[in-house]
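Novice: Just one file: entry06.cif, with mmCIF, C-alpha atoms.
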data_model
#
loop_
_atom_site.label_atom_id
_atom_site.label_comp_id
_atom_site.auth_asym_id
_atom_site.auth_seq_id
_atom_site.Cartn_x
_atom_site.Cartn_y
_atom_site.Cartn_z
CA MET A 1391 13.19 -1.76 -32.38
CA PRO A 1392 13.55 -5.55 -32.45
CA GLY A 1393 16.95 -6.75 -31.34
CA PRO A 1394 18.87 -8.62 -28.63
CA LEU A 1395 18.13 -6.03 -25.95
CA SER A 1396 14.40 -5.94 -26.66
CA GLN A 1397 14.29 -9.75 -26.69
CA LEU A 1398 16.15 -9.84 -23.37
CA ARG A 1399 13.68 -7.37 -21.88
CA ARG A 1400 10.77 -9.37 -23.20
CA GLY A 1401 12.26 -12.48 -21.60
CA HIS A 1402 12.52 -10.67 -18.25
CA GLU A 1403 8.91 -9.51 -18.51
CA GLU A 1404 7.68 -13.01 -19.30
CA LEU A 1405 9.74 -14.38 -16.42
CA VAL A 1406 8.03 -12.02 -13.96
CA LEU A 1407 4.59 -12.64 -15.45
CA GLY A 1408 5.16 -16.41 -15.30
CA LEU A 1409 6.07 -16.21 -11.61
CA LEU A 1410 2.91 -14.25 -10.83
CA ARG A 1411 0.81 -16.79 -12.76
CA ARG A 1412 2.20 -19.70 -10.77
CA HIS A 1413 2.58 -18.18 -7.30
CA GLY A 1414 -0.13 -15.53 -7.18
CA PRO A 1415 0.51 -12.16 -5.47
CA LEU A 1416 4.17 -11.60 -4.50
CA SER A 1417 6.09 -8.74 -2.96
CA ARG A 1418 9.01 -7.20 -4.82
CA GLY A 1419 11.35 -8.96 -2.45
CA GLU A 1420 9.72 -12.34 -3.09
CA LEU A 1421 9.85 -11.77 -6.84
CA GLY A 1422 13.53 -10.93 -6.53
CA LYS A 1423 14.25 -14.23 -4.76
CA HIS A 1424 12.36 -16.25 -7.39
CA CYS A 1425 13.61 -14.55 -10.56
CA GLY A 1426 17.26 -13.89 -9.75
CA LEU A 1427 17.28 -10.49 -11.49
CA SER A 1428 19.15 -7.56 -9.97
CA ARG A 1429 17.05 -5.18 -7.88
CA THR A 1430 17.48 -2.39 -10.44
CA THR A 1431 16.47 -4.57 -13.39
CA LEU A 1432 13.50 -6.08 -11.55
CA TYR A 1433 12.17 -2.70 -10.42
CA ASP A 1434 12.57 -1.34 -13.95
CA ILE A 1435 10.63 -4.30 -15.40
CA LEU A 1436 7.93 -4.01 -12.75
CA ALA A 1437 7.55 -0.28 -13.38
CA GLU A 1438 6.94 -0.98 -17.06
CA LEU A 1439 4.45 -3.78 -16.34
CA VAL A 1440 2.55 -1.62 -13.86
CA ALA A 1441 2.52 1.32 -16.29
CA SER A 1442 1.14 -0.93 -19.05
CA GLY A 1443 -1.57 -2.25 -16.72
CA ALA A 1444 -0.43 -5.87 -16.91
CA VAL A 1445 0.45 -5.90 -13.19
CA VAL A 1446 -1.39 -4.16 -10.36
CA ALA A 1447 -0.94 -3.81 -6.61
CA ALA A 1448 -2.86 -6.51 -4.75
CA THR A 1449 -5.43 -5.52 -2.15
CA GLN A 1450 -3.46 -4.99 1.04
CA GLN A 1451 -4.34 -6.70 4.29
CA GLU A 1452 -4.61 -4.52 7.38
CA ALA A 1453 -1.22 -4.45 9.11
CA PRO A 1454 -0.83 -6.33 12.40
CA ARG A 1455 -0.83 -3.93 15.34
CA GLY A 1456 2.63 -2.56 16.14
CA ARG A 1457 4.24 -3.79 12.91
CA GLY A 1458 3.48 -0.91 10.57
CA ARG A 1459 2.31 -1.09 7.00
CA PRO A 1460 2.72 -4.46 5.21
CA ALA A 1461 4.90 -4.78 2.14
CA GLU A 1462 3.05 -4.09 -1.10
CA THR A 1463 2.30 -7.18 -3.17
CA LEU A 1464 1.86 -7.32 -6.92
CA THR A 1465 -0.46 -9.51 -8.98
CA LEU A 1466 -1.61 -9.98 -12.53
CA ASN A 1467 -4.40 -7.70 -13.70
CA PRO A 1468 -7.03 -10.04 -15.21
CA ASP A 1469 -8.44 -7.12 -17.22
CA ALA A 1470 -5.12 -6.00 -18.68
CA GLY A 1471 -5.18 -7.92 -21.91
CA GLN A 1472 -5.80 -11.14 -23.70
CA ALA A 1473 -4.03 -13.78 -25.71
CA ILE A 1474 -6.15 -14.32 -28.78
CA GLY A 1475 -6.54 -17.48 -30.84
CA ILE A 1476 -8.28 -17.48 -34.21
CA ASP A 1477 -9.03 -20.53 -36.33
CA PHE A 1478 -9.69 -19.68 -39.98
CA ALA A 1479 -11.41 -22.90 -41.01
CA ARG A 1480 -12.65 -23.50 -44.55
CA ARG A 1481 -16.18 -22.27 -43.92
CA ALA A 1482 -16.13 -20.65 -40.48
CA VAL A 1483 -14.12 -18.47 -38.14
CA HIS A 1484 -13.60 -19.62 -34.55
CA VAL A 1485 -12.06 -17.39 -31.87
CA ALA A 1486 -11.03 -17.85 -28.24
CA ALA A 1487 -9.39 -15.55 -25.69
CA VAL A 1488 -7.59 -15.88 -22.36
CA ASN A 1489 -6.50 -13.12 -20.03
CA VAL A 1490 -3.00 -12.61 -18.64
CA ALA A 1491 -3.84 -14.98 -15.79
CA HIS A 1492 -4.53 -17.70 -18.41
CA GLU A 1493 -8.24 -17.71 -17.56
CA VAL A 1494 -10.44 -18.42 -20.59
CA VAL A 1495 -12.48 -15.31 -21.36
CA GLY A 1496 -14.65 -17.18 -23.83
CA SER A 1497 -15.02 -18.51 -27.37
CA ALA A 1498 -17.26 -17.80 -30.33
CA SER A 1499 -17.80 -19.06 -33.89
CA GLU A 1500 -19.58 -17.95 -37.02
CA PRO A 1501 -19.94 -19.75 -40.38
CA HIS A 1502 -19.30 -18.07 -43.72
CA PRO A 1503 -19.45 -19.04 -47.40
CA ALA A 1504 -16.52 -20.95 -48.86
CA GLY A 1505 -13.98 -18.72 -50.58
CA LEU A 1506 -14.78 -15.60 -48.52
CA PRO A 1507 -11.93 -13.06 -49.08
CA TRP A 1508 -9.37 -12.70 -46.30
CA GLU A 1509 -10.37 -9.08 -45.67
CA GLU A 1510 -13.93 -10.07 -44.80
CA ARG A 1511 -12.80 -13.03 -42.74
CA VAL A 1512 -10.47 -10.83 -40.68
CA GLU A 1513 -13.29 -8.35 -40.05
CA LEU A 1514 -15.51 -11.25 -38.98
CA ALA A 1515 -12.78 -12.46 -36.62
CA ALA A 1516 -12.31 -8.94 -35.21
CA ARG A 1517 -16.03 -8.64 -34.52
CA LEU A 1518 -16.06 -11.99 -32.70
CA VAL A 1519 -12.96 -11.08 -30.67
CA HIS A 1520 -14.37 -7.70 -29.67
CA GLY A 1521 -17.56 -9.42 -28.61
CA LEU A 1522 -15.58 -11.72 -26.32
CA THR A 1523 -13.45 -9.05 -24.71
CA GLY A 1524 -16.05 -6.33 -24.39
CA ALA A 1525 -14.03 -3.97 -26.62
CA HIS A 1526 -16.51 -1.75 -28.43
CA GLY A 1527 -16.39 1.41 -30.50
CA GLY A 1528 -14.23 0.08 -33.33
CA GLY A 1529 -10.94 0.99 -31.68
CA ALA A 1530 -7.84 -1.20 -31.69
CA LEU A 1531 -7.98 -4.01 -29.17
CA ARG A 1532 -5.32 -3.63 -26.50
CA LEU A 1533 -3.74 -7.00 -25.83
CA GLY A 1534 -1.48 -5.93 -22.99
CA ALA A 1535 1.52 -8.02 -21.93
CA LEU A 1536 0.51 -11.08 -23.99
CA SER A 1537 0.78 -9.05 -27.18
CA ALA A 1538 0.35 -11.66 -29.90
CA ILE A 1539 -2.34 -13.50 -31.81
CA GLY A 1540 -2.22 -17.21 -32.58
CA VAL A 1541 -3.79 -18.25 -35.86
CA GLY A 1542 -4.85 -21.60 -37.28
CA VAL A 1543 -5.04 -21.92 -41.06
CA VAL A 1544 -6.01 -24.69 -43.47
CA GLY A 1545 -3.31 -26.84 -45.05
CA PRO A 1546 0.45 -27.24 -44.63
CA VAL A 1547 2.35 -24.45 -42.89
CA GLY A 1548 6.10 -24.96 -43.12
CA GLY A 1549 9.19 -23.25 -41.72
CA GLY A 1550 7.36 -22.13 -38.65
CA PRO A 1551 5.35 -21.57 -36.74
CA ARG A 1552 4.72 -18.81 -39.23
CA THR A 1553 5.51 -15.33 -37.95
CA GLU A 1554 3.97 -11.97 -38.77
CA ASP A 1555 5.94 -11.50 -42.00
CA GLY A 1556 4.22 -14.57 -43.49
CA ARG A 1557 7.23 -16.86 -43.80
CA GLY A 1558 6.33 -20.41 -44.77
CA ASP A 1559 5.80 -22.75 -47.66
CA GLY A 1560 2.12 -23.72 -47.70
CA ARG A 1561 -0.02 -24.21 -50.77
CA GLY A 1562 -3.52 -23.21 -51.85
CA ASP A 1563 -5.66 -20.53 -53.45
CA GLY A 1564 -5.32 -17.50 -51.14
CA ARG A 1565 -9.06 -17.38 -50.32
CA GLY A 1566 -9.10 -19.53 -47.25
CA GLY A 1567 -6.71 -22.13 -48.63
CA SER A 1568 -3.05 -22.42 -47.71
CA ASP A 1569 -0.87 -20.55 -50.20
CA PRO A 1570 2.05 -18.38 -49.01
CA ARG A 1571 0.66 -15.20 -50.55
CA GLY A 1572 -2.71 -15.72 -48.88
CA HIS A 1573 -1.04 -16.32 -45.52
CA GLU A 1574 1.15 -13.25 -45.95
CA ARG A 1575 -1.92 -11.16 -46.69
CA LEU A 1576 -3.73 -12.65 -43.69
CA ALA A 1577 -0.81 -11.91 -41.35
CA GLY A 1578 -0.60 -8.36 -42.65
CA LEU A 1579 -4.33 -7.77 -42.23
CA LEU A 1580 -4.30 -9.11 -38.68
CA ARG A 1581 -1.24 -7.08 -37.75
CA GLU A 1582 -2.86 -3.94 -39.15
CA ARG A 1583 -6.17 -4.66 -37.42
CA PHE A 1584 -4.77 -5.56 -33.97
CA GLY A 1585 -1.27 -4.05 -33.97
CA VAL A 1586 0.44 -7.19 -32.59
CA PRO A 1587 2.64 -10.03 -33.93
CA VAL A 1588 0.98 -13.07 -35.48
CA LEU A 1589 1.96 -16.74 -35.08
CA ALA A 1590 0.26 -19.25 -37.38
CA ASP A 1591 0.20 -22.99 -37.91
CA ASN A 1592 -2.02 -25.71 -39.33
CA ASN A 1593 -5.39 -25.50 -37.57
CA THR A 1594 -5.87 -29.26 -37.23
CA ARG A 1595 -2.46 -29.69 -35.62
CA LEU A 1596 -3.39 -26.88 -33.23
CA ALA A 1597 -6.62 -28.71 -32.41
CA ALA A 1598 -4.52 -31.76 -31.53
CA LEU A 1599 -2.44 -29.55 -29.23
CA ALA A 1600 -5.57 -28.20 -27.52
CA GLU A 1601 -7.09 -31.65 -27.00
CA SER A 1602 -3.79 -32.74 -25.43
CA ILE A 1603 -3.72 -29.78 -23.03
CA TRP A 1604 -7.37 -29.22 -22.11
CA GLY A 1605 -9.42 -31.89 -23.86
CA ALA A 1606 -9.85 -35.63 -24.37
CA ALA A 1607 -6.13 -36.47 -24.19
CA THR A 1608 -5.06 -34.29 -21.26
CA GLY A 1609 -1.94 -35.66 -19.59
CA VAL A 1610 -1.14 -38.21 -22.32
CA GLU A 1611 2.35 -38.34 -23.86
CA ASP A 1612 1.55 -40.20 -27.10
CA VAL A 1613 -1.60 -39.12 -28.92
CA LEU A 1614 -3.00 -39.59 -32.42
CA TYR A 1615 -5.68 -37.02 -33.30
CA LEU A 1616 -7.94 -37.16 -36.37
CA ARG A 1617 -10.49 -34.52 -37.38
CA LEU A 1618 -13.29 -35.32 -39.82
CA SER A 1619 -14.49 -31.99 -41.17
CA HIS A 1620 -14.61 -30.25 -44.55
CA GLY A 1621 -11.08 -31.57 -44.78
CA VAL A 1622 -9.57 -34.60 -43.05
CA GLY A 1623 -6.35 -34.16 -41.11
CA GLY A 1624 -4.80 -34.67 -37.74
CA GLY A 1625 -1.91 -34.22 -35.40
CA LEU A 1626 0.59 -36.20 -33.37
CA VAL A 1627 1.91 -35.89 -29.86
CA VAL A 1628 5.02 -38.07 -29.55
CA GLY A 1629 6.86 -38.50 -26.26
CA GLY A 1630 5.05 -35.55 -24.72
CA SER A 1631 5.85 -33.14 -27.58
CA LEU A 1632 3.72 -31.89 -30.45
CA HIS A 1633 5.22 -33.22 -33.69
CA ARG A 1634 5.43 -30.97 -36.75
CA GLY A 1635 7.52 -33.16 -39.04
CA ALA A 1636 9.90 -31.98 -41.72
CA TYR A 1637 8.67 -28.71 -43.27
CA GLY A 1638 5.60 -28.71 -41.01
CA LEU A 1639 3.89 -31.47 -42.98
CA SER A 1640 2.96 -33.84 -40.15
CA GLY A 1641 -0.67 -34.87 -39.76
CA GLU A 1642 -1.88 -35.05 -43.39
CA PHE A 1643 -3.78 -38.25 -42.65
CA GLY A 1644 -6.58 -37.33 -45.02
CA HIS A 1645 -4.29 -38.02 -47.95
CA ILE A 1646 -3.61 -41.65 -47.15
CA THR A 1647 -5.00 -43.78 -49.98
CA VAL A 1648 -7.95 -45.99 -49.03
CA ASP A 1649 -9.29 -46.76 -52.52
CA PRO A 1650 -6.78 -46.76 -55.42
CA ALA A 1651 -9.69 -46.79 -57.88
CA GLY A 1652 -11.58 -44.07 -56.03
CA ALA A 1653 -12.32 -40.41 -56.66
CA ARG A 1654 -9.74 -37.79 -57.49
CA CYS A 1655 -8.63 -35.77 -54.44
CA ASP A 1656 -7.93 -32.04 -54.31
CA CYS A 1657 -4.32 -32.89 -53.38
CA GLY A 1658 -3.84 -34.53 -56.80
CA GLY A 1659 -4.02 -38.08 -55.49
CA THR A 1660 -6.69 -40.73 -55.99
CA GLY A 1661 -8.90 -42.39 -53.42
CA CYS A 1662 -7.57 -40.50 -50.38
CA LEU A 1663 -9.36 -40.84 -47.04
CA GLU A 1664 -10.62 -37.29 -47.57
CA THR A 1665 -12.54 -38.45 -50.66
CA VAL A 1666 -14.68 -40.75 -48.50
CA ALA A 1667 -14.62 -39.24 -44.98
CA SER A 1668 -14.86 -35.46 -45.48
CA ILE A 1669 -18.17 -33.66 -44.99
CA ARG A 1670 -18.69 -33.12 -48.72
CA ALA A 1671 -17.86 -36.73 -49.57
CA VAL A 1672 -20.17 -38.14 -46.90
CA LEU A 1673 -23.10 -35.89 -47.82
CA ASP A 1674 -22.64 -36.65 -51.52
CA ALA A 1675 -22.60 -40.39 -50.80
CA TYR A 1676 -25.72 -40.11 -48.64
CA ARG A 1677 -27.66 -38.24 -51.30
CA ALA A 1678 -26.46 -40.63 -54.02
CA ALA A 1679 -27.90 -43.50 -51.97
CA GLY A 1680 -31.29 -41.80 -51.79
CA GLY A 1681 -30.96 -39.85 -48.56
CA ARG A 1682 -31.83 -36.20 -48.07
CA ALA A 1683 -29.51 -33.96 -46.06
CA GLU A 1684 -28.18 -30.51 -46.86
CA ASP A 1685 -25.68 -30.40 -44.01
CA VAL A 1686 -24.18 -32.41 -41.17
CA PRO A 1687 -26.91 -31.60 -38.59
CA GLU A 1688 -29.55 -33.05 -40.96
CA LEU A 1689 -27.41 -36.14 -41.50
CA VAL A 1690 -26.91 -36.56 -37.76
CA LYS A 1691 -30.67 -36.22 -37.27
CA ALA A 1692 -31.23 -38.99 -39.80
CA VAL A 1693 -28.72 -41.18 -37.94
CA ARG A 1694 -30.45 -40.60 -34.61
CA GLU A 1695 -33.83 -41.38 -36.15
CA GLY A 1696 -32.51 -44.74 -37.31
CA ASP A 1697 -32.38 -44.04 -41.04
CA ALA A 1698 -30.97 -47.25 -42.57
CA VAL A 1699 -29.12 -45.45 -45.38
CA ALA A 1700 -27.44 -43.03 -42.95
CA LEU A 1701 -26.51 -45.82 -40.53
CA GLY A 1702 -25.05 -47.95 -43.32
CA LEU A 1703 -23.03 -45.02 -44.61
CA MET A 1704 -21.66 -44.27 -41.13
CA ARG A 1705 -20.60 -47.90 -40.75
CA ASP A 1706 -18.76 -47.83 -44.08
CA VAL A 1707 -17.04 -44.51 -43.36
CA GLY A 1708 -16.17 -45.62 -39.84
CA SER A 1709 -14.59 -48.82 -41.14
CA ARG A 1710 -12.45 -46.86 -43.61
CA VAL A 1711 -11.37 -44.46 -40.87
CA GLY A 1712 -10.63 -47.33 -38.47
CA ALA A 1713 -8.42 -49.05 -41.03
CA VAL A 1714 -6.34 -45.90 -41.52
CA LEU A 1715 -6.09 -45.36 -37.76
CA ALA A 1716 -4.98 -48.97 -37.25
CA ALA A 1717 -2.17 -48.57 -39.78
CA LEU A 1718 -1.09 -45.33 -38.13
CA CYS A 1719 -1.20 -46.90 -34.67
CA ASN A 1720 0.92 -49.83 -35.82
CA ALA A 1721 3.49 -47.35 -37.18
CA ILE A 1722 3.44 -44.75 -34.41
CA GLY A 1723 2.27 -46.52 -31.24
CA PRO A 1724 0.01 -43.98 -29.49
CA SER A 1725 -1.76 -44.77 -26.24
CA VAL A 1726 -4.78 -42.59 -27.08
CA VAL A 1727 -6.62 -41.98 -30.36
CA VAL A 1728 -8.92 -38.93 -30.45
CA VAL A 1729 -11.52 -38.43 -33.19
CA GLY A 1730 -13.10 -35.00 -33.63
CA GLY A 1731 -14.70 -32.75 -36.23
CA GLU A 1732 -18.30 -32.20 -37.22
CA LEU A 1733 -18.80 -35.78 -38.44
CA ALA A 1734 -17.96 -37.07 -34.96
CA GLU A 1735 -21.35 -35.63 -33.92
CA ALA A 1736 -22.81 -38.83 -35.40
CA GLY A 1737 -21.56 -40.46 -32.19
CA ALA A 1738 -21.65 -44.23 -31.78
CA ALA A 1739 -22.98 -44.79 -35.31
CA LEU A 1740 -19.57 -43.66 -36.59
CA LEU A 1741 -17.24 -44.33 -33.67
CA ASP A 1742 -18.35 -47.91 -32.98
CA PRO A 1743 -17.27 -49.15 -36.44
CA VAL A 1744 -14.09 -47.07 -36.09
CA GLY A 1745 -13.34 -48.91 -32.84
CA GLU A 1746 -14.27 -52.31 -34.25
CA THR A 1747 -12.00 -51.98 -37.27
CA LEU A 1748 -9.23 -50.44 -35.22
CA GLY A 1749 -9.44 -53.32 -32.75
CA ALA A 1750 -9.45 -55.90 -35.52
CA GLN A 1751 -6.50 -54.51 -37.48
CA ILE A 1752 -4.20 -53.16 -34.80
CA MET A 1753 -1.41 -55.45 -33.58
CA PRO A 1754 -2.76 -57.84 -30.91
CA VAL A 1755 -0.04 -56.87 -28.43
CA THR A 1756 -1.33 -53.27 -28.36
CA ARG A 1757 -5.07 -53.93 -28.83
CA ASP A 1758 -5.92 -53.51 -25.15
CA ARG A 1759 -3.51 -50.63 -24.63
CA VAL A 1760 -5.02 -48.04 -26.96
CA SER A 1761 -7.93 -45.84 -25.87
CA LEU A 1762 -10.32 -44.48 -28.53
CA ARG A 1763 -11.92 -41.21 -27.43
CA ARG A 1764 -14.16 -38.58 -28.92
CA ALA A 1765 -12.80 -35.02 -28.92
CA THR A 1766 -14.30 -32.74 -26.26
CA LEU A 1767 -13.39 -29.17 -27.24
CA GLY A 1768 -15.62 -28.82 -30.29
CA GLU A 1769 -15.27 -25.89 -32.67
CA ALA A 1770 -12.98 -23.93 -30.33
CA ALA A 1771 -10.18 -26.52 -30.42
CA GLY A 1772 -8.11 -24.89 -33.18
CA ALA A 1773 -8.39 -21.43 -31.63
CA LEU A 1774 -7.44 -22.76 -28.18
CA GLY A 1775 -4.44 -24.51 -29.70
CA ALA A 1776 -3.43 -21.23 -31.31
CA ILE A 1777 -3.47 -19.59 -27.87
CA ALA A 1778 -1.25 -22.37 -26.52
CA LEU A 1779 1.13 -21.70 -29.41
CA VAL A 1780 1.37 -18.03 -28.39
CA LEU A 1781 1.88 -18.75 -24.69
CA HIS A 1782 4.40 -21.51 -25.53
CA GLU A 1783 4.44 -22.74 -21.94
CA SER A 1784 3.10 -26.28 -22.29
CA PRO A 1785 5.67 -29.12 -22.14
CA LEU A 1786 4.01 -30.27 -25.38
CA LEU A 1787 5.78 -27.35 -27.09
CA SER A 1788 9.21 -28.00 -25.57
CA ARG A 1789 10.62 -29.00 -28.98
CA TYR A 1790 8.45 -26.68 -31.01
CA PRO A 1791 9.78 -23.55 -32.78
CA ALA A 1792 9.16 -20.39 -30.78
CA ASP A 1793 9.06 -16.74 -31.81
CA GLY A 1794 11.60 -14.92 -29.66
CA ASP A 1795 12.51 -15.64 -26.06
CA GLU A 1796 10.28 -18.01 -24.11
CA ALA A 1797 8.97 -17.83 -20.56
CA GLU A 1798 9.83 -20.40 -17.93
CA ARG A 1799 8.27 -23.78 -18.69
CA PRO A 1800 6.92 -26.35 -16.25
CA PRO A 1801 9.70 -28.89 -15.60
CA ALA A 1802 7.63 -32.06 -15.69
CA ALA A 1803 6.12 -33.74 -18.73
CA PRO A 1804 2.51 -34.98 -18.58
CA GLU A 1805 1.92 -38.47 -17.21
CA ARG A 1806 0.77 -41.28 -19.48
CA ALA A 1807 -2.87 -42.24 -19.13
CA GLU A 1808 -3.54 -45.86 -18.17
CA GLU A 1809 -6.82 -46.37 -20.02
CA THR A 1810 -7.52 -49.01 -22.64
CA MET A 1811 -9.70 -49.35 -25.68
CA ASN A 1812 -12.68 -51.62 -25.75
CA PRO A 1813 -13.16 -52.28 -29.51
CA GLY A 1814 -16.61 -51.32 -30.68
CA ARG A 1815 -17.38 -49.24 -27.62
CA ARG A 1816 -17.30 -45.45 -27.70
CA ARG A 1817 -15.38 -43.73 -24.93
#
As a first step, turn the structure in this file into structure tokens.
Specialist:
Amino acid sequence: MPGPLSQLRRGHEELVLGLLRRHGPLSRGELGKHCGLSRTTLYDILAELVASGAVVAATQQEAPRGRGRPAETLTLNPDAGQAIGIDFARRAVHVAAVNVAHEVVGSASEPHPAGLPWEERVELAARLVHGLTGAHGGGALRLGALSAIGVGVVGPVGGGPRTEDGRGDGRGDGRGGSDPRGHERLAGLLRERFGVPVLADNNTRLAALAESIWGAATGVEDVLYLRLSHGVGGGLVVGGSLHRGAYGLSGEFGHITVDPAGARCDCGGTGCLETVASIRAVLDAYRAAGGRAEDVPELVKAVREGDAVALGLMRDVGSRVGAVLAALCNAIGPSVVVVGGELAEAGAALLDPVGETLGAQIMPVTRDRVSLRRATLGEAAGALGAIALVLHESPLLSRYPADGDEAERPPAAPERAEETMNPGRRR
């Protein structure tokens, strides 16, 4: 049963697992020196980890002549289990998995119609996860020592990260949106399907986390991330820590007003950035100007073929995005700006005007100190960020709410990158 003793035991297990991740195979004596636990407690924890399959005996070297049998060493079992990340985007499910050694097993994605019920989306996620891990036959996936699933969801997620009982204060429609009842149902369905706790947060903020750990902003302490997708949002890394804001509402950049006389936004506002820079808004504007494109790949094809209407639209959208980013940079002071999402596939046609407007409107003193970069992790970013949320070992999460005891964290914060932005040039 959950309680102080079980949390203490979990902390001891994560301590041992963390040491094996960082140092590789260790003997029981070496583990004892590193962890500081009593011999009895350590051997009890190791017995449990070995019994669960999370830890195995390393292949023994042949003993030197005359010295007898070498001491047994223990190591992580790469096949013991996975940490799973799932991104429930508006119109697709993205999954990623790592093993207990933090090696990426793989990632997969599949689109679905908007408004697909949570039950069907969870089954889709389960099928993708089982495909990654090689778990067949419809049985429950055994996650081993890293027994949790990280989940990215659309919209605000407050009071969190959200735990398996669905606590939070999001909003939405319960069918892929961001209402509390929908999130509670999602957490319950995932817990029933996989039999493990669930941690959830805003999927765009998790993408910012992933890009700051593995992607375009690796090693940077102050990052502004913007994703141009079916929705427009972002995330902030401030002083080497992922920023959630009060009530988990940080990163709603898509609801900054860019045209007071513009279209009505789903948030209730008027002329938000999302009304001009989301996938739906961009495609609608392209078709209204005489272009023909049913989806982003067709629009990107038109851009690459030199279609004047598509290129003009990208310049207009890029200028709007650049103006918002400049205002945010003047207020926040990042050293790196990362732009991702499906619309970023337009490449220089979009990012060049973003850089030009950003360079023109940012304060002159910081103009040559900000690097504009395109995101590198693609569709898997939100799911990878959800995994990082579960592992909770990055310095980026040092001020972030955790669920239960945490493993040892690396002592040093990432170093600041020393790259600059060349306005109008894509990095």
Novice: I want to know what sits within 7 Å of segment 1702-1710 of chain A, based on only C-alpha atoms, with residues of the same chain fewer than 3 positions away left out; could you give that as a PDB file with C-alpha atoms, in the frame of the given file?
Specialist:
ATOM      1  CA  VAL A1666     -14.680 -40.750 -48.500  1.00  0.00           C
ATOM      2  CA  ALA A1667     -14.620 -39.240 -44.980  1.00  0.00           C
ATOM      3  CA  TYR A1676     -25.720 -40.110 -48.640  1.00  0.00           C
ATOM      4  CA  ALA A1698     -30.970 -47.250 -42.570  1.00  0.00           C
ATOM      5  CA  VAL A1699     -29.120 -45.450 -45.380  1.00  0.00           C
ATOM      6  CA  ALA A1713      -8.420 -49.050 -41.030  1.00  0.00           C
ATOM      7  CA  VAL A1714      -6.340 -45.900 -41.520  1.00  0.00           C
ATOM      8  CA  ALA A1739     -22.980 -44.790 -35.310  1.00  0.00           C
ATOM      9  CA  LEU A1740     -19.570 -43.660 -36.590  1.00  0.00           C
ATOM     10  CA  LEU A1741     -17.240 -44.330 -33.670  1.00  0.00           C
ATOM     11  CA  PRO A1743     -17.270 -49.150 -36.440  1.00  0.00           C
ATOM     12  CA  VAL A1744     -14.090 -47.070 -36.090  1.00  0.00           C
ATOM     13  CA  THR A1747     -12.000 -51.980 -37.270  1.00  0.00           C
TER      14      THR A1747
END
Novice: Tell me which residues come within 10 Å of (-13.8, -35.8, -37.5), as a list in words, counting only C-alpha atoms in the file's coordinates.
Specialist: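 Collected hits near the coordinates: Tyr1615, Leu1616, Arg1617, Leu1618, Ser1619, His1620, Gly1621, Val1622, Gly1623, Gly1624, Ala1667, Ser1668, Ile1669, Val1711, Val1728, Val1729, Gly1730, Gly1731, Glu1732, Leu1733, Ala1734, Glu1735, Ala1736, Leu1740, Leu1741, Arg1764 and Ala1765 of chain A.
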Novice: Out of A:Leu1767, A:Leu1689, A:Val1512, A:Leu1427, which residue has the shortest atom-to-atom distance to Arg1575 of chain A when counting all atoms listed in the file?
Specialist: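 The answer is A:Val1512, which sits nearest to Arg1575 of chain A.
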Novice: With a distance cut-off of 6 Å and only C-alpha atoms, select the neighbouring residues of Val1627 of chain A, excluding the residue or stretch itself and same-chain residues fewer than 5 positions from it, and output the selection as a PyMOL selection string.
Specialist: chain A and resi 1612-1613+1632-1633
Novice: Which residue out of A:Ala1516, A:Glu1769, A:Leu1715, A:Glu1601 has the minimum interatomic distance to Val1648 of chain A when only C-alpha atoms are used?
Specialist: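 Distance minimum relative to Val1648 of chain A lands on A:Leu1715.
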Novice: Under the rule of at most 10 Å, produce a per-residue listing of segment 1575-1672 of chain A near segment 1472-1479 of chain A: chain, number, name, the closest pair of atoms, and the distance in Å, as a tab-separated table, using all atoms listed in the file.
Specialist:
residue	atom	partner	partner_atom	distance
A:Leu1576	CA	A:Phe1478	CA	9.9
A:Val1588	CA	A:Ile1474	CA	9.9
A:Leu1589	CA	A:Gly1475	CA	9.5
A:Ala1590	CA	A:Ile1476	CA	9.3
A:Asp1591	CA	A:Asp1477	CA	9.7
A:Asn1592	CA	A:Asp1477	CA	9.2
A:Asn1593	CA	A:Asp1477	CA	6.3
A:Thr1594	CA	A:Ala1479	CA	9.2
A:Leu1596	CA	A:Asp1477	CA	9.0
A:Ala1597	CA	A:Asp1477	CA	9.4
A:Ser1619	CA	A:Ala1479	CA	9.6
A:His1620	CA	A:Ala1479	CA	8.8
A:Gly1621	CA	A:Ala1479	CA	9.5
Novice: With only C-alpha atoms as the basis for distance, which of A:Pro1546, A:Gly1723, A:Pro1650, A:Gly1661 is at the shortest distance from Ala1636 of chain A?
Specialist: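 Among A:Pro1546, A:Gly1723, A:Pro1650, A:Gly1661, it is A:Pro1546 that comes nearest to Ala1636 of chain A.
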Novice: Any chance you could work out the residue set of the PyMOL selection byres ((chain A and resi 1604) around 12) here, as a list in words?
Specialist: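 This file gives the following for the PyMOL selection byres ((chain A and resi 1604) around 12): Val1494, Ala1597, Ala1598, Leu1599, Ala1600, Glu1601, Ser1602, Ile1603, Gly1605, Ala1606, Ala1607, Thr1608, Gly1609, Val1610, Ala1765, Thr1766, Leu1767, Gly1768, Ala1770, Ala1771, Gly1772, Leu1774, Gly1775, Ile1777, Ala1778, Ser1784, Leu1786 and Pro1804 of chain A.
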Novice: Just how far from atom CA of Gly1625 of chain A is atom CA of Cys1719 of chain A, in Å to one decimal?
Specialist: 12.7 Å
Novice: What is the atom CA of Thr1660 of chain A to atom CA of Asp1674 of chain A distance in Å?
Specialist: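 Pair atom CA of Thr1660 of chain A / atom CA of Asp1674 of chain A returns 17.1 Å.
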Novice: Please compute the atom CA of Ala1750 of chain A-atom CA of Gly1712 of chain A distance, one decimal, in Å.
Specialist: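 Atom CA of Gly1712 of chain A lies at a distance of 9.1 Å from atom CA of Ala1750 of chain A.
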